[in-house]
$ cat final.cif   # mmCIF, C-alpha atoms and all ligand atoms
data_query
loop_
_atom_site.label_atom_id
_atom_site.label_comp_id
_atom_site.auth_asym_id
_atom_site.auth_seq_id
_atom_site.Cartn_x
_atom_site.Cartn_y
_atom_site.Cartn_z
CA MET A 1 -68.85 4.09 -138.51
CA ILE A 2 -65.19 4.47 -139.21
CA ASP A 3 -63.29 1.23 -138.52
CA ARG A 4 -59.96 1.01 -136.79
CA ARG A 5 -57.88 0.44 -139.92
CA ARG A 6 -59.53 3.25 -141.78
CA PHE A 7 -59.13 5.57 -138.78
CA ILE A 8 -55.41 4.84 -138.68
CA GLN A 9 -55.00 5.26 -142.46
CA THR A 10 -56.96 8.51 -142.47
CA GLY A 11 -54.96 9.74 -139.51
CA PHE A 12 -51.65 8.94 -141.20
CA ALA A 13 -52.72 10.57 -144.44
CA ALA A 14 -53.71 13.74 -142.60
CA ALA A 15 -50.52 13.73 -140.60
CA ALA A 16 -48.38 13.20 -143.72
CA ALA A 17 -50.15 16.02 -145.54
CA SER A 18 -49.64 18.41 -142.68
CA THR A 19 -45.94 17.68 -142.26
CA VAL A 20 -44.93 18.56 -145.81
CA PRO A 21 -44.08 22.24 -145.65
CA ALA A 22 -44.83 24.31 -148.73
CA THR A 23 -42.03 26.70 -147.91
CA ALA A 24 -39.72 27.35 -144.97
CA HIS A 25 -41.23 30.50 -143.49
CA ALA A 26 -38.55 31.67 -141.13
CA ARG A 27 -35.76 30.44 -138.99
CA ALA A 28 -36.99 30.63 -135.41
CA PRO A 29 -34.62 31.66 -132.64
CA MET A 30 -33.90 28.92 -130.09
CA ALA A 31 -36.39 29.43 -127.27
CA GLN A 32 -33.96 28.07 -124.65
CA ARG A 33 -36.27 27.63 -121.68
CA ASN A 34 -38.71 24.76 -121.46
CA GLY A 35 -42.42 24.81 -120.83
CA SER A 36 -42.66 23.19 -117.40
CA THR A 37 -44.68 25.86 -115.73
CA PHE A 38 -47.50 24.63 -113.53
CA HIS A 39 -49.45 21.46 -112.96
CA ARG A 40 -52.78 21.09 -111.17
CA PHE A 41 -54.49 18.30 -109.28
CA LYS A 42 -57.18 17.88 -106.63
CA VAL A 43 -56.80 16.55 -103.10
CA GLY A 44 -60.36 16.19 -101.83
CA ASP A 45 -61.95 19.61 -102.37
CA PHE A 46 -58.61 21.41 -102.44
CA GLU A 47 -56.77 22.30 -105.61
CA ILE A 48 -52.99 21.94 -105.56
CA THR A 49 -50.81 23.68 -108.15
CA ALA A 50 -47.23 22.52 -108.56
CA LEU A 51 -45.16 25.48 -109.75
CA SER A 52 -41.69 25.10 -111.18
CA ASP A 53 -38.98 27.49 -110.03
CA GLY A 54 -36.67 25.78 -112.52
CA ALA A 55 -33.85 23.29 -112.04
CA ILE A 56 -30.27 23.29 -110.87
CA GLY A 57 -27.37 20.84 -111.24
CA VAL A 58 -26.45 19.21 -107.93
CA PRO A 59 -22.96 17.67 -107.92
CA VAL A 60 -22.62 14.08 -106.69
CA ALA A 61 -19.80 15.29 -104.43
CA LEU A 62 -22.39 16.98 -102.17
CA THR A 63 -23.80 13.60 -101.16
CA THR A 64 -22.52 11.98 -97.97
CA ARG A 65 -22.97 8.54 -96.39
CA LEU A 66 -23.21 6.84 -99.78
CA ASP A 67 -20.30 5.08 -101.47
CA PRO A 68 -19.42 7.24 -104.54
CA ALA A 69 -19.07 4.17 -106.78
CA ARG A 70 -22.55 3.00 -105.75
CA HIS A 71 -23.86 6.53 -106.32
CA ARG A 72 -22.39 6.66 -109.82
CA ALA A 73 -23.83 3.22 -110.61
CA LEU A 74 -27.31 4.32 -109.52
CA LEU A 75 -27.07 7.44 -111.68
CA ALA A 76 -25.88 5.38 -114.65
CA ASP A 77 -28.86 3.02 -114.17
CA GLN A 78 -31.18 6.01 -114.33
CA MET A 79 -29.39 7.78 -117.21
CA LYS A 80 -28.58 10.76 -114.99
CA PRO A 81 -25.43 12.86 -115.37
CA ASP A 82 -23.29 14.49 -112.67
CA PRO A 83 -24.21 17.22 -111.71
CA VAL A 84 -27.71 15.79 -111.41
CA PRO A 85 -30.39 18.04 -112.93
CA THR A 86 -32.62 18.69 -109.92
CA SER A 87 -36.05 20.33 -109.87
CA VAL A 88 -36.95 23.13 -107.50
CA ASN A 89 -40.71 23.05 -106.95
CA VAL A 90 -43.16 25.26 -105.09
CA PHE A 91 -46.73 24.23 -104.26
CA LEU A 92 -49.85 26.34 -104.08
CA VAL A 93 -52.78 25.13 -101.97
CA ASN A 94 -56.20 26.57 -102.80
CA THR A 95 -58.64 25.56 -100.05
CA GLY A 96 -61.54 27.36 -101.76
CA SER A 97 -61.32 30.26 -99.34
CA GLN A 98 -57.56 30.80 -98.99
CA LEU A 99 -54.41 30.56 -101.09
CA ALA A 100 -51.29 29.23 -99.38
CA LEU A 101 -47.92 29.00 -101.07
CA ILE A 102 -45.54 26.40 -99.69
CA ASP A 103 -42.03 27.81 -100.23
CA ALA A 104 -41.05 30.65 -102.53
CA GLY A 105 -38.20 29.47 -104.78
CA ALA A 106 -34.77 31.05 -105.21
CA ALA A 107 -35.51 34.21 -107.24
CA ALA A 108 -32.22 35.34 -108.86
CA SER A 109 -29.98 34.15 -106.03
CA MET A 110 -28.88 30.79 -107.47
CA GLY A 111 -28.28 31.38 -111.15
CA PRO A 112 -30.39 31.54 -114.30
CA GLY A 113 -31.76 27.99 -113.95
CA LEU A 114 -33.97 29.06 -111.06
CA GLY A 115 -36.17 32.05 -110.28
CA GLN A 116 -39.09 31.12 -112.51
CA LEU A 117 -41.76 31.07 -109.78
CA GLN A 118 -43.21 34.52 -110.48
CA ALA A 119 -43.51 33.89 -114.22
CA ASN A 120 -45.11 30.52 -113.58
CA LEU A 121 -47.55 31.92 -111.00
CA ALA A 122 -48.60 34.45 -113.65
CA ALA A 123 -48.96 31.62 -116.19
CA ALA A 124 -51.22 29.85 -113.66
CA GLY A 125 -53.36 32.99 -113.34
CA ILE A 126 -52.27 33.87 -109.78
CA LYS A 127 -51.17 37.36 -108.72
CA PRO A 128 -48.60 37.72 -105.91
CA GLU A 129 -51.02 39.93 -103.97
CA ASP A 130 -53.60 37.10 -103.97
CA ILE A 131 -51.42 34.89 -101.75
CA ASP A 132 -52.78 34.85 -98.17
CA LEU A 133 -50.05 32.82 -96.53
CA ILE A 134 -46.59 31.47 -97.31
CA ALA A 135 -45.42 28.51 -95.26
CA LEU A 136 -41.72 27.69 -95.57
CA THR A 137 -40.51 24.12 -95.30
CA HIS A 138 -37.20 25.66 -94.22
CA VAL A 139 -35.01 28.72 -94.62
CA HIS A 140 -32.61 27.79 -97.41
CA PRO A 141 -31.99 30.07 -100.42
CA ASP A 142 -33.74 27.80 -102.94
CA HIS A 143 -36.88 27.95 -100.77
CA SER A 144 -36.90 31.39 -99.20
CA ASN A 145 -34.98 33.86 -101.39
CA GLY A 146 -38.04 34.19 -103.65
CA LEU A 147 -39.81 35.93 -100.76
CA ILE A 148 -38.25 39.19 -101.95
CA ARG A 149 -38.04 41.02 -105.24
CA ALA A 150 -34.81 42.36 -106.77
CA ASP A 151 -35.39 45.68 -104.94
CA GLY A 152 -35.51 43.87 -101.59
CA LYS A 153 -39.24 44.45 -101.05
CA ALA A 154 -41.70 41.68 -100.24
CA ALA A 155 -42.63 39.76 -103.39
CA PHE A 156 -45.95 38.83 -101.74
CA PRO A 157 -47.35 42.06 -100.29
CA ASN A 158 -50.34 40.59 -98.45
CA ALA A 159 -49.06 37.21 -97.26
CA GLU A 160 -48.55 36.13 -93.69
CA LEU A 161 -45.25 34.24 -93.39
CA VAL A 162 -45.15 30.98 -91.42
CA VAL A 163 -41.71 29.62 -90.49
CA GLY A 164 -40.49 26.83 -88.24
CA GLN A 165 -39.52 28.34 -84.89
CA ALA A 166 -36.21 26.49 -84.82
CA ASP A 167 -35.33 27.65 -88.34
CA ALA A 168 -36.03 31.30 -87.60
CA ALA A 169 -33.94 31.05 -84.42
CA PHE A 170 -31.06 29.30 -86.19
CA TRP A 171 -30.80 31.19 -89.50
CA LEU A 172 -31.42 34.66 -88.09
CA ASN A 173 -28.45 34.33 -85.72
CA GLU A 174 -25.08 34.38 -87.45
CA ALA A 175 -23.45 33.11 -84.26
CA ASN A 176 -24.65 29.66 -85.45
CA ALA A 177 -22.43 29.78 -88.55
CA GLY A 178 -19.87 27.53 -86.84
CA GLN A 179 -22.41 24.69 -86.85
CA ILE A 180 -22.45 24.31 -90.64
CA ALA A 181 -19.81 23.86 -93.34
CA LYS A 182 -18.13 27.16 -94.18
CA ASP A 183 -19.23 27.02 -97.84
CA PHE A 184 -22.80 27.51 -96.70
CA SER A 185 -22.29 30.42 -94.29
CA PRO A 186 -23.76 32.97 -96.80
CA PHE A 187 -27.11 31.30 -96.06
CA PHE A 188 -27.31 33.34 -92.83
CA GLY A 189 -27.15 36.74 -94.53
CA MET A 190 -29.57 35.59 -97.24
CA ALA A 191 -32.07 34.43 -94.60
CA LYS A 192 -31.97 37.77 -92.83
CA THR A 193 -32.53 39.71 -96.06
CA ALA A 194 -35.35 37.46 -97.32
CA LEU A 195 -37.31 37.36 -94.05
CA ALA A 196 -36.88 41.05 -93.09
CA PRO A 197 -39.81 42.56 -95.07
CA TYR A 198 -42.15 40.05 -93.39
CA ALA A 199 -41.00 40.76 -89.83
CA THR A 200 -44.31 42.29 -88.72
CA ARG A 201 -46.39 39.51 -90.26
CA THR A 202 -44.38 36.40 -89.40
CA ARG A 203 -45.73 33.53 -87.31
CA THR A 204 -43.28 30.93 -86.03
CA ILE A 205 -44.53 27.41 -85.44
CA ALA A 206 -43.23 24.08 -84.15
CA ALA A 207 -45.97 21.69 -85.25
CA GLY A 208 -49.75 21.71 -85.54
CA ASP A 209 -52.33 23.82 -87.36
CA VAL A 210 -51.10 26.34 -89.92
CA MET A 211 -54.52 27.08 -91.43
CA THR A 212 -57.69 25.14 -92.18
CA GLY A 213 -56.58 21.90 -93.84
CA VAL A 214 -52.83 22.51 -93.46
CA THR A 215 -50.92 20.98 -90.53
CA ALA A 216 -47.19 21.26 -89.81
CA ILE A 217 -45.13 18.17 -88.95
CA ALA A 218 -41.68 18.82 -87.50
CA ALA A 219 -39.06 17.02 -89.64
CA PRO A 220 -35.77 18.37 -88.32
CA GLY A 221 -32.25 17.53 -89.43
CA HIS A 222 -31.84 19.04 -92.87
CA THR A 223 -32.33 22.27 -90.96
CA PRO A 224 -33.30 22.60 -87.27
CA GLY A 225 -36.85 23.71 -88.09
CA HIS A 226 -37.40 21.78 -91.33
CA THR A 227 -41.16 21.24 -91.61
CA VAL A 228 -43.37 18.92 -93.63
CA PHE A 229 -46.99 19.92 -94.28
CA ARG A 230 -49.98 17.60 -94.22
CA ILE A 231 -52.82 18.79 -96.44
CA SER A 232 -56.22 17.34 -95.49
CA SER A 233 -59.56 17.75 -97.23
CA GLY A 234 -62.28 15.31 -96.16
CA GLN A 235 -60.73 11.85 -96.19
CA LYS A 236 -57.99 12.85 -98.66
CA GLN A 237 -54.46 13.84 -97.76
CA LEU A 238 -51.19 14.96 -99.29
CA LEU A 239 -47.77 15.27 -97.66
CA ILE A 240 -45.62 18.18 -98.81
CA LEU A 241 -42.21 16.73 -98.04
CA GLY A 242 -40.00 19.80 -98.48
CA ASP A 243 -36.38 18.62 -98.54
CA THR A 244 -37.02 15.20 -97.03
CA VAL A 245 -35.57 14.12 -100.41
CA HIS A 246 -32.87 16.01 -102.35
CA SER A 247 -31.77 13.18 -104.54
CA PRO A 248 -34.66 11.09 -105.88
CA ALA A 249 -32.14 8.92 -107.73
CA THR A 250 -30.56 7.67 -104.51
CA GLN A 251 -32.44 8.51 -101.32
CA PHE A 252 -35.44 6.17 -101.74
CA ILE A 253 -33.05 3.27 -102.28
CA HIS A 254 -30.60 4.60 -99.68
CA PRO A 255 -32.54 6.74 -97.20
CA GLU A 256 -29.34 6.82 -95.12
CA ALA A 257 -27.65 8.97 -97.81
CA ALA A 258 -27.35 12.56 -96.66
CA VAL A 259 -26.16 15.88 -98.11
CA ALA A 260 -23.31 18.15 -97.08
CA PHE A 261 -25.75 20.98 -96.30
CA ASP A 262 -27.81 18.97 -93.80
CA VAL A 263 -27.29 20.78 -90.50
CA ASP A 264 -27.62 17.48 -88.57
CA GLN A 265 -27.24 14.43 -90.83
CA ASP A 266 -28.24 11.80 -88.22
CA THR A 267 -31.49 13.60 -87.47
CA ALA A 268 -32.13 14.29 -91.17
CA VAL A 269 -31.83 10.57 -91.96
CA ALA A 270 -34.15 9.67 -89.07
CA SER A 271 -36.75 12.22 -90.23
CA ARG A 272 -36.54 10.92 -93.81
CA ARG A 273 -37.16 7.33 -92.71
CA ARG A 274 -40.06 8.40 -90.48
CA LEU A 275 -41.75 10.43 -93.23
CA PHE A 276 -41.20 7.74 -95.89
CA ASP A 277 -42.68 5.19 -93.47
CA LEU A 278 -45.71 7.37 -92.81
CA ALA A 279 -46.39 7.99 -96.51
CA ALA A 280 -45.91 4.32 -97.41
CA ALA A 281 -47.93 2.86 -94.51
CA ASP A 282 -50.92 5.16 -94.99
CA ARG A 283 -50.61 5.32 -98.82
CA ILE A 284 -50.60 9.11 -98.70
CA PRO A 285 -49.58 10.80 -101.96
CA VAL A 286 -46.57 13.08 -101.61
CA VAL A 287 -44.99 16.03 -103.32
CA GLY A 288 -41.38 17.07 -102.91
CA MET A 289 -39.50 20.25 -103.63
CA HIS A 290 -36.69 18.33 -105.39
CA LEU A 291 -38.61 15.45 -106.92
CA ASP A 292 -38.68 15.75 -110.72
CA PHE A 293 -41.36 18.31 -111.63
CA PRO A 294 -44.28 18.21 -110.98
CA GLY A 295 -42.94 16.17 -108.07
CA VAL A 296 -46.08 14.20 -107.20
CA GLY A 297 -46.38 10.46 -106.56
CA TYR A 298 -46.41 7.62 -104.07
CA ILE A 299 -43.74 6.17 -101.81
CA GLN A 300 -43.77 2.42 -101.24
CA ARG A 301 -41.69 0.12 -99.10
CA LYS A 302 -39.26 -1.93 -101.17
CA ASP A 303 -37.09 -4.56 -99.52
CA SER A 304 -35.44 -2.79 -96.60
CA ALA A 305 -35.81 0.63 -98.24
CA PHE A 306 -38.31 2.48 -100.43
CA SER A 307 -39.34 3.28 -104.00
CA PHE A 308 -41.07 6.26 -105.55
CA THR A 309 -43.64 6.14 -108.35
CA ALA A 310 -44.37 9.47 -110.02
CA THR A 311 -48.05 10.06 -110.92
CA PRO A 312 -47.86 13.24 -113.02
CA TRP A 313 -51.13 12.64 -114.87
CA GLN A 314 -53.30 11.64 -111.94
CA GLU A 315 -55.55 14.67 -111.53
CA THR A 316 -57.57 13.57 -108.50
CA PHE A 317 -56.32 12.11 -105.23
ZN ZN B 1 -33.77 22.62 -101.18
#

$ encode --input "final.cif" --output "structure tokens" --more "lines below"
Ligand SMILES: [Zn+2]
Amino acid sequence: MIDRRRFIQTGFAAAAASTVPATAHARAPMAQRNGSTFHRFKVGDFEITALSDGAIGVPVALTTRLDPARHRALLADQMKPDPVPTSVNVFLVNTGSQLALIDAGAAASMGPGLGQLQANLAAAGIKPEDIDLIALTHVHPDHSNGLIRADGKAAFPNAELVVGQADAAFWLNEANAGQIAKDFSPFFGMAKTALAPYATRTRTIAAGDVMTGVTAIAAPGHTPGHTVFRISSGQKQLLILGDTVHSPATQFIHPEAAVAFDVDQDTAVASRRRLFDLAAADRIPVVGMHLDFPGVGYIQRKDSAFSFTATPWQETF
């Protein structure tokens, strides 16, 4: 039997031998994009696949209700720059008999950092036509513009679309533009374009059953129909938090911090506290669309606020 010291020595010798190159074969071009593609884990009998749509820089100036000096201090503590590199995640739920995609990413609408969902679905072995249902957490471009291809046709030809009633009503009526900051008024046109090819196969919901094992929880504020999904298989659960959190660096410590594109900041803060409380009290694992990819972990109460522990290598919940 090989002892520990010998194992280490042998290992080092092998490693040293393999790192001495005989010749330099070629200069490789810089690959530029990273390899965060998909990540799988089980919740009961269901298989969840976290899919990266990429990342985008979110400027600190978009945060509200948090002292900027405190914000900068929290970022410095966590070695994060401004703009804060922020994941955009999509989640696939395979119940064994159906495939549901929760959100659809941004496609090409928000710059080259995003729009990687289709490539990463392919990497995960999933074809767009295999998706039975797409449930949106809300109708914002980083979540819904990936519903369509560059030619404007449905990117998911066979999927039923499930959208919060209040979001469909709000974003499909440009008369509501006065209720949000002017910078974000293009969201209305984008919503109309992205949802149009699904018009004959759209189901609007408030709360309750979406499909077997997937239940909608109304979590309004960020948008009027912002929805969180509870995934249940046997005794196991997962909460898909949508945009309950935009800024993992600040909003667990300061759940009262909001963002400029919340339609109703008071209600958004109340929903965030309620969802964080639920996840912490019942020890339900969560995923979030803007938690660092793959975006899975646990929320705990900490002092008068919360903390988040990522669990990227836990494969069974
Ligand atoms: Zn978002």

$ closest_residue --input "final.cif" --among "A:Ala124, A:Ala310, A:Leu172, A:Leu278" --to "Arg40 (chain A)" --atoms "only C-alpha atoms"
A:Ala124

$ atom_distance --input "final.cif" --atom1 "CA of Pro248 (chain A)" --atom2 "CA of Val90 (chain A)"
16.5 Å

$ residues_around --input "final.cif" --residues "Asp282 (chain A)" --least-positions-apart "4" --cutoff "12 Å" --atoms "only C-alpha atoms" --output "list in words"
Gln235, Lys236, Gln237, Leu238, Leu239, Leu275, Phe276, Asp277, Leu278, Val286, Tyr298, Ile299, Gln300 and Arg301 of chain A

$ atom_distance --input "final.cif" --atom1 "CA of Ala218 (chain A)" --atom2 "CA of Gly164 (chain A)"
8.1 Å

$ atom_distance --input "final.cif" --atom1 "CA of Asp53 (chain A)" --atom2 "CA of Ala106 (chain A)"
7.3 Å

$ closest_residue --input "final.cif" --among "A:Pro59, A:Gly213, A:Gly152, A:Pro157" --to "Thr193 (chain A)" --atoms "only C-alpha atoms"
A:Gly152

$ residues_near_ligand --input "final.cif" --ligand "ligand ZN 1 (chain B)" --cutoff "8 Å" --atoms "only C-alpha atoms and all ligand atoms" --output "list of chain:residue names"
A:Val88, A:His140, A:Pro141, A:Asp142, A:His143, A:Gly242, A:Asp243, A:His246, A:Met289, A:His290

$ residues_around --input "final.cif" --residues "Gly125 (chain A)" --least-positions-apart "4" --cutoff "12 Å" --atoms "only C-alpha atoms" --output "PyMOL selection string"
chain A and resi 37-38+49+51+92+118-121+129-131

$ closest_residue --input "final.cif" --among "A:Ala194, A:Val60, A:Ala258, A:Leu291" --to "Ala150 (chain A)" --atoms "all atoms listed in the file"
A:Ala194

$ decode --input "final.cif" --residues "region 241-252 of chain A" --atoms "all heavy atoms" --output "compact mmCIF listing (two decimals), in the first residue's frame"
# COMPACT_ATOMS: atom_id res chain seq x y z
N LEU A 241 -36.18 32.46 -6.40
CA LEU A 241 -36.48 33.80 -5.86
C LEU A 241 -36.63 34.90 -6.90
O LEU A 241 -37.00 36.02 -6.55
CB LEU A 241 -35.39 34.23 -4.87
CG LEU A 241 -35.33 33.47 -3.54
CD1 LEU A 241 -34.15 33.97 -2.72
CD2 LEU A 241 -36.64 33.63 -2.76
N GLY A 242 -36.32 34.61 -8.17
CA GLY A 242 -36.40 35.68 -9.17
C GLY A 242 -35.54 36.85 -8.76
O GLY A 242 -34.38 36.69 -8.37
N ASP A 243 -36.11 38.06 -8.80
CA ASP A 243 -35.36 39.26 -8.44
C ASP A 243 -35.68 39.75 -7.03
O ASP A 243 -35.65 40.95 -6.75
CB ASP A 243 -35.62 40.37 -9.46
CG ASP A 243 -34.74 40.21 -10.69
OD1 ASP A 243 -34.18 39.11 -10.86
OD2 ASP A 243 -34.62 41.16 -11.48
N THR A 244 -35.98 38.81 -6.13
CA THR A 244 -36.08 39.16 -4.72
C THR A 244 -34.75 39.78 -4.26
O THR A 244 -34.73 40.62 -3.36
CB THR A 244 -36.42 37.91 -3.89
OG1 THR A 244 -37.66 37.38 -4.37
CG2 THR A 244 -36.53 38.22 -2.42
N VAL A 245 -33.65 39.34 -4.87
CA VAL A 245 -32.32 39.93 -4.60
C VAL A 245 -31.68 40.34 -5.93
O VAL A 245 -31.61 39.55 -6.86
CB VAL A 245 -31.35 38.90 -3.98
CG1 VAL A 245 -30.11 39.59 -3.44
CG2 VAL A 245 -32.01 38.07 -2.92
N HIS A 246 -31.25 41.59 -6.03
CA HIS A 246 -30.43 42.04 -7.17
C HIS A 246 -28.98 42.14 -6.78
O HIS A 246 -28.08 42.02 -7.58
CB HIS A 246 -30.85 43.45 -7.63
CG HIS A 246 -32.25 43.51 -8.06
ND1 HIS A 246 -33.27 43.84 -7.21
CD2 HIS A 246 -32.81 43.23 -9.23
CE1 HIS A 246 -34.39 43.77 -7.87
NE2 HIS A 246 -34.15 43.41 -9.09
N SER A 247 -28.78 42.50 -5.53
CA SER A 247 -27.44 42.82 -5.05
C SER A 247 -27.11 41.93 -3.86
O SER A 247 -27.36 42.29 -2.71
CB SER A 247 -27.40 44.30 -4.64
OG SER A 247 -26.22 44.56 -3.93
N PRO A 248 -26.53 40.73 -4.14
CA PRO A 248 -26.21 39.84 -3.02
C PRO A 248 -25.22 40.47 -2.04
O PRO A 248 -25.21 40.12 -0.86
CB PRO A 248 -25.62 38.60 -3.70
CG PRO A 248 -25.44 38.92 -5.14
CD PRO A 248 -26.26 40.12 -5.45
N ALA A 249 -24.42 41.41 -2.51
CA ALA A 249 -23.43 42.03 -1.62
C ALA A 249 -24.09 42.89 -0.54
O ALA A 249 -23.50 43.11 0.52
CB ALA A 249 -22.46 42.88 -2.43
N THR A 250 -25.29 43.39 -0.80
CA THR A 250 -25.89 44.33 0.16
C THR A 250 -27.26 43.92 0.71
O THR A 250 -27.58 44.25 1.83
CB THR A 250 -26.08 45.72 -0.50
OG1 THR A 250 -26.94 45.58 -1.63
CG2 THR A 250 -24.75 46.31 -0.94
N GLN A 251 -28.07 43.24 -0.11
CA GLN A 251 -29.48 43.12 0.28
C GLN A 251 -29.80 42.05 1.32
O GLN A 251 -30.91 42.04 1.85
CB GLN A 251 -30.36 42.92 -0.96
CG GLN A 251 -30.52 44.23 -1.74
CD GLN A 251 -31.29 44.04 -3.03
OE1 GLN A 251 -31.03 43.11 -3.77
NE2 GLN A 251 -32.24 44.92 -3.30
N PHE A 252 -28.84 41.14 1.63
CA PHE A 252 -29.07 40.25 2.77
C PHE A 252 -28.81 41.02 4.06
O PHE A 252 -29.53 40.90 5.03
CB PHE A 252 -28.19 39.00 2.67
CG PHE A 252 -28.59 38.12 1.53
CD1 PHE A 252 -27.80 38.02 0.38
CD2 PHE A 252 -29.77 37.39 1.58
CE1 PHE A 252 -28.18 37.22 -0.68
CE2 PHE A 252 -30.17 36.57 0.52
CZ PHE A 252 -29.37 36.50 -0.60
